[in-house]
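> What follows is a structure written as structure tokens; I'll ask about it next.
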Amino acid sequence: MLGVRIDRTRCIGAGTCIHIAPTAFDWLPGDHGKVAVADLDSVEEELVREAVLACPTQAITVEVTTELLPWQLRQRTQATRRVVKTFMFTDIVGSTNLLEVLGDEAWQVLLHWHDETLRSLFAAFEGDEVIDTGDGFFVGFESPDAALACAVAIQRGLLEHRQKNGFAPQVRIGVHASGAIQVGRNFRGMGVHEAARIAAIAEGGQILASLGTSAGGRYPAGEPRTVALKGITEPMEIVEILWR
């Protein structure tokens, strides 16, 4: 018998599990920043496992009444190490509304163009894609400069496409340098949560970064402001990167 447990202190509301298995997982009633179990029996077990593995903060774990499954054993043998990375989260603003207006087929064409465009820029600035969140990405960079340069290139590229072709989706970006625990290709820790929450308060076309991440960078920034990030006790100083 397969079951799952959600650690909501780790859940950052990325929604990856819902994107992969929308009938098995859903938003927690009254809180679209947290995930809840809906109906695991509505999908095959392999799809549940895929959704669990895709969680960027590994907030979901599988519980079985018998022996461990092979994919769980593989996770247990993965080496962990402490690293310092710069994390970036991107997200298409209003993606559900776009899907409703465009329809499934046109949305898939747009999403494919968006994904390929951003992935080419991640590669150009040596960013490592950690996870595709459905309508955005979680990416790790070796330095704040590389992450911010990539973020600026993304926004400028989208603006140029918008001006030439009439439309490109509005994307919000959050960037945060922090220590974290690396597990295989994934990362865990408060820094990941903070980066995701910074991205979540950005508006379309904005790049928000923690103050320390932007310090000494080559791109001008707005005045620092102190914000309360959802689910995080300590407020944080952030700035808007002025990329235009």
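Chain labels run A, B, ... following the order of the structure tokens; each chain numbers its residues from 1, and ligands are numbered from 1 in the order shown.
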Counting only C-alpha atoms, what is within 8 Å of range 37-54 of chain A, bar same-chain residues fewer than 2 positions away, as a list in words?

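Everything that qualifies: Leu2, Gly3, Val4, Thr16, Cys17, Ile18, Ile20, Ala21, Thr23, Ala24, Phe25, Asp26, Val35, Pro56, Gln58, Ile60, Thr61, Val62 and Ile131 of chain A.
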
> Restrict the selected residues to C-alpha atoms and save them as a PDB file, in the first residue's frame.


```
ATOM      1  CA  LEU A   2       1.486   3.345  -1.090  1.00  0.00           C
ATOM      2  CA  GLY A   3       1.011   6.538   0.909  1.00  0.00           C
ATOM      3  CA  VAL A   4       2.759   9.880   1.141  1.00  0.00           C
ATOM      4  CA  THR A  16       5.475  20.645  -9.247  1.00  0.00           C
ATOM      5  CA  CYS A  17       3.640  17.672  -7.768  1.00  0.00           C
ATOM      6  CA  ILE A  18       0.287  19.176  -8.773  1.00  0.00           C
ATOM      7  CA  ILE A  20       2.694  16.139 -12.633  1.00  0.00           C
ATOM      8  CA  ALA A  21      -0.241  14.487 -10.844  1.00  0.00           C
ATOM      9  CA  THR A  23      -5.643  14.512  -9.307  1.00  0.00           C
ATOM     10  CA  ALA A  24      -3.312  13.059  -6.676  1.00  0.00           C
ATOM     11  CA  PHE A  25      -2.211  16.401  -5.199  1.00  0.00           C
ATOM     12  CA  ASP A  26      -3.940  19.748  -4.791  1.00  0.00           C
ATOM     13  CA  VAL A  35       0.229  21.296  -1.024  1.00  0.00           C
ATOM     14  CA  PRO A  56      12.464  20.857  -5.277  1.00  0.00           C
ATOM     15  CA  GLN A  58      11.848  17.074  -1.063  1.00  0.00           C
ATOM     16  CA  ILE A  60       7.026  14.806   0.092  1.00  0.00           C
ATOM     17  CA  THR A  61       8.049  11.337   1.190  1.00  0.00           C
ATOM     18  CA  VAL A  62       6.571   7.988   0.330  1.00  0.00           C
ATOM     19  CA  ILE A 131      13.839  21.133 -11.705  1.00  0.00           C
TER      20      ILE A 131
END
```

> Just want the 9 Å neighbourhood of Gly212 in chain A, counted on only C-alpha atoms, with same-chain residues fewer than 4 positions away dropped. Output as a VMD selection string.

chain A and resid 176 to 177 216 237 to 238

> Those residues you just picked out, can you put them in a file as a short mmCIF file (atom, residue, chain, number, x, y, z; two decimals), in the first residue's frame with N, CA, C and O atoms?


```cif
data_model
loop_
_atom_site.label_atom_id
_atom_site.label_comp_id
_atom_site.auth_asym_id
_atom_site.auth_seq_id
_atom_site.Cartn_x
_atom_site.Cartn_y
_atom_site.Cartn_z
N HIS A 176 18.79 34.39 -5.03
CA HIS A 176 19.27 34.43 -3.63
C HIS A 176 20.48 33.52 -3.48
O HIS A 176 20.45 32.34 -3.85
N ALA A 177 21.58 34.08 -2.96
CA ALA A 177 22.79 33.31 -2.68
C ALA A 177 22.74 32.80 -1.25
O ALA A 177 22.44 33.55 -0.32
N GLY A 216 27.53 44.80 -4.70
CA GLY A 216 28.74 44.82 -5.52
C GLY A 216 28.56 44.33 -6.93
O GLY A 216 29.55 44.17 -7.67
N GLU A 237 15.86 41.67 3.69
CA GLU A 237 16.04 42.83 2.83
C GLU A 237 16.22 42.38 1.39
O GLU A 237 17.09 41.54 1.10
N ILE A 238 15.43 42.94 0.51
CA ILE A 238 15.53 42.62 -0.90
C ILE A 238 15.63 43.89 -1.72
O ILE A 238 15.30 44.99 -1.24
#
```

> Rank nothing, just name the residue among A:Thr86, A:Asn165, A:Gln182, A:Thr57 nearest to Ala149 in chain A, using only C-alpha atoms.

A:Thr86

> What lies within 6 Å of Lys85 in chain A using only C-alpha atoms, ignoring chain neighbours under 6 positions off, as JSON, numbers by chain?

{"A": [141, 142, 177, 178]}

> Could you pull out all residues of range 147-243 of chain A with a DSSP call of helix (DSSP H, G or I) and give them as a ChimeraX atom specification?

/A:147-165,190-200,211-214

> Just the number, please: distance in Å from CA of Asp128 in chain A to CA of Arg185 in chain A, one decimal.

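So the answer is 8.7 Å.
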
> Between CA of Lys230 in chain A and CA of Arg197 in chain A, what is the spacing in Å?

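A separation of 6.7 Å between them.
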
> With only C-alpha atoms as the atoms that count, which of A:Arg10, A:Arg188, A:Arg119, A:Arg172 lies nearest to Gly231 in chain A?

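Nearest candidate to Gly231 in chain A out of A:Arg10, A:Arg188, A:Arg119, A:Arg172: A:Arg10.
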
> Which residues are close to Trp113 in chain A, i.e. within 12 Å by only C-alpha atoms, leaving aside same-chain residues fewer than 6 positions away? Reply as a ChimeraX atom specification.

/A:106-107,119-120,135,158,161,168-169

> Include N, CA, C and O atoms and write out the residues we just selected as a PDB file, in the first residue's frame.


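Result file is part-v4.pdb:
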```pdb
ATOM      1  N   ALA A 106      -2.112  25.540 -28.117  1.00  0.00           N
ATOM      2  CA  ALA A 106      -1.346  26.783 -28.244  1.00  0.00           C
ATOM      3  C   ALA A 106      -0.495  27.033 -27.001  1.00  0.00           C
ATOM      4  O   ALA A 106       0.630  27.542 -27.089  1.00  0.00           O
ATOM      5  N   TRP A 107      -1.030  26.663 -25.825  1.00  0.00           N
ATOM      6  CA  TRP A 107      -0.256  26.817 -24.592  1.00  0.00           C
ATOM      7  C   TRP A 107       1.003  25.955 -24.630  1.00  0.00           C
ATOM      8  O   TRP A 107       2.079  26.393 -24.230  1.00  0.00           O
ATOM      9  N   ARG A 119      16.189  27.871 -21.148  1.00  0.00           N
ATOM     10  CA  ARG A 119      17.242  26.855 -20.997  1.00  0.00           C
ATOM     11  C   ARG A 119      18.506  27.251 -21.754  1.00  0.00           C
ATOM     12  O   ARG A 119      19.624  26.976 -21.291  1.00  0.00           O
ATOM     13  N   SER A 120      18.344  27.879 -22.907  1.00  0.00           N
ATOM     14  CA  SER A 120      19.532  28.313 -23.654  1.00  0.00           C
ATOM     15  C   SER A 120      20.305  29.361 -22.871  1.00  0.00           C
ATOM     16  O   SER A 120      21.553  29.389 -22.904  1.00  0.00           O
ATOM     17  N   ASP A 135       5.728  25.702 -15.119  1.00  0.00           N
ATOM     18  CA  ASP A 135       5.709  26.959 -15.867  1.00  0.00           C
ATOM     19  C   ASP A 135       6.870  27.846 -15.402  1.00  0.00           C
ATOM     20  O   ASP A 135       6.800  29.063 -15.460  1.00  0.00           O
ATOM     21  N   LEU A 158      13.049  38.520 -23.354  1.00  0.00           N
ATOM     22  CA  LEU A 158      11.587  38.488 -23.434  1.00  0.00           C
ATOM     23  C   LEU A 158      11.038  39.822 -23.913  1.00  0.00           C
ATOM     24  O   LEU A 158      10.101  39.871 -24.724  1.00  0.00           O
ATOM     25  N   HIS A 161      11.637  40.132 -27.654  1.00  0.00           N
ATOM     26  CA  HIS A 161      10.693  39.302 -28.401  1.00  0.00           C
ATOM     27  C   HIS A 161       9.302  39.931 -28.394  1.00  0.00           C
ATOM     28  O   HIS A 161       8.598  39.920 -29.409  1.00  0.00           O
ATOM     29  N   ALA A 168       5.155  38.068 -25.466  1.00  0.00           N
ATOM     30  CA  ALA A 168       5.960  37.067 -24.757  1.00  0.00           C
ATOM     31  C   ALA A 168       5.409  37.030 -23.342  1.00  0.00           C
ATOM     32  O   ALA A 168       4.965  38.055 -22.820  1.00  0.00           O
ATOM     33  N   PRO A 169       5.393  35.888 -22.711  1.00  0.00           N
ATOM     34  CA  PRO A 169       4.816  35.809 -21.365  1.00  0.00           C
ATOM     35  C   PRO A 169       5.604  36.655 -20.370  1.00  0.00           C
ATOM     36  O   PRO A 169       6.813  36.838 -20.504  1.00  0.00           O
TER      37      PRO A 169
END
```

> Set the distance at 7 Å and use only C-alpha atoms: which residues neighbour Ala199 in chain A once local chain neighbours fewer than 3 positions away are removed? I'd like the list as a PyMOL selection string.

chain A and resi 89-90+172-174+195-196+202+208

> Write out as an MDAnalysis selection string which residues come within 12 Å of Phe125 in chain A when counting only C-alpha atoms, dropping same-chain ones fewer than 6 positions away.

chainID A and resid 118:119 139:154

> Mind dumping the selected residues with C-alpha atoms as a PDB file, in the first residue's frame?


```
ATOM      1  CA  LEU A 118      15.255  30.091 -20.844  1.00  0.00           C
ATOM      2  CA  ARG A 119      17.242  26.855 -20.997  1.00  0.00           C
ATOM      3  CA  VAL A 139      18.243  26.747 -11.233  1.00  0.00           C
ATOM      4  CA  GLY A 140      21.555  26.820  -9.371  1.00  0.00           C
ATOM      5  CA  PHE A 141      24.523  29.044 -10.256  1.00  0.00           C
ATOM      6  CA  GLU A 142      28.077  29.151  -9.000  1.00  0.00           C
ATOM      7  CA  SER A 143      28.024  32.906  -8.348  1.00  0.00           C
ATOM      8  CA  PRO A 144      25.593  35.796  -7.845  1.00  0.00           C
ATOM      9  CA  ASP A 145      27.096  37.592 -10.865  1.00  0.00           C
ATOM     10  CA  ALA A 146      26.275  34.676 -13.172  1.00  0.00           C
ATOM     11  CA  ALA A 147      22.751  34.332 -11.805  1.00  0.00           C
ATOM     12  CA  LEU A 148      21.962  38.044 -12.058  1.00  0.00           C
ATOM     13  CA  ALA A 149      23.457  38.283 -15.539  1.00  0.00           C
ATOM     14  CA  CYS A 150      21.268  35.366 -16.616  1.00  0.00           C
ATOM     15  CA  ALA A 151      18.176  36.923 -15.030  1.00  0.00           C
ATOM     16  CA  VAL A 152      18.811  40.202 -16.840  1.00  0.00           C
ATOM     17  CA  ALA A 153      19.368  38.367 -20.132  1.00  0.00           C
ATOM     18  CA  ILE A 154      16.053  36.552 -19.669  1.00  0.00           C
TER      19      ILE A 154
END
```

> Pick out each residue of range 51-158 of chain A that DSSP on the backbone tags as strand (DSSP E or B); I need them as number ranges by chain.

A: 60-64, 80-92, 128-132, 136-141
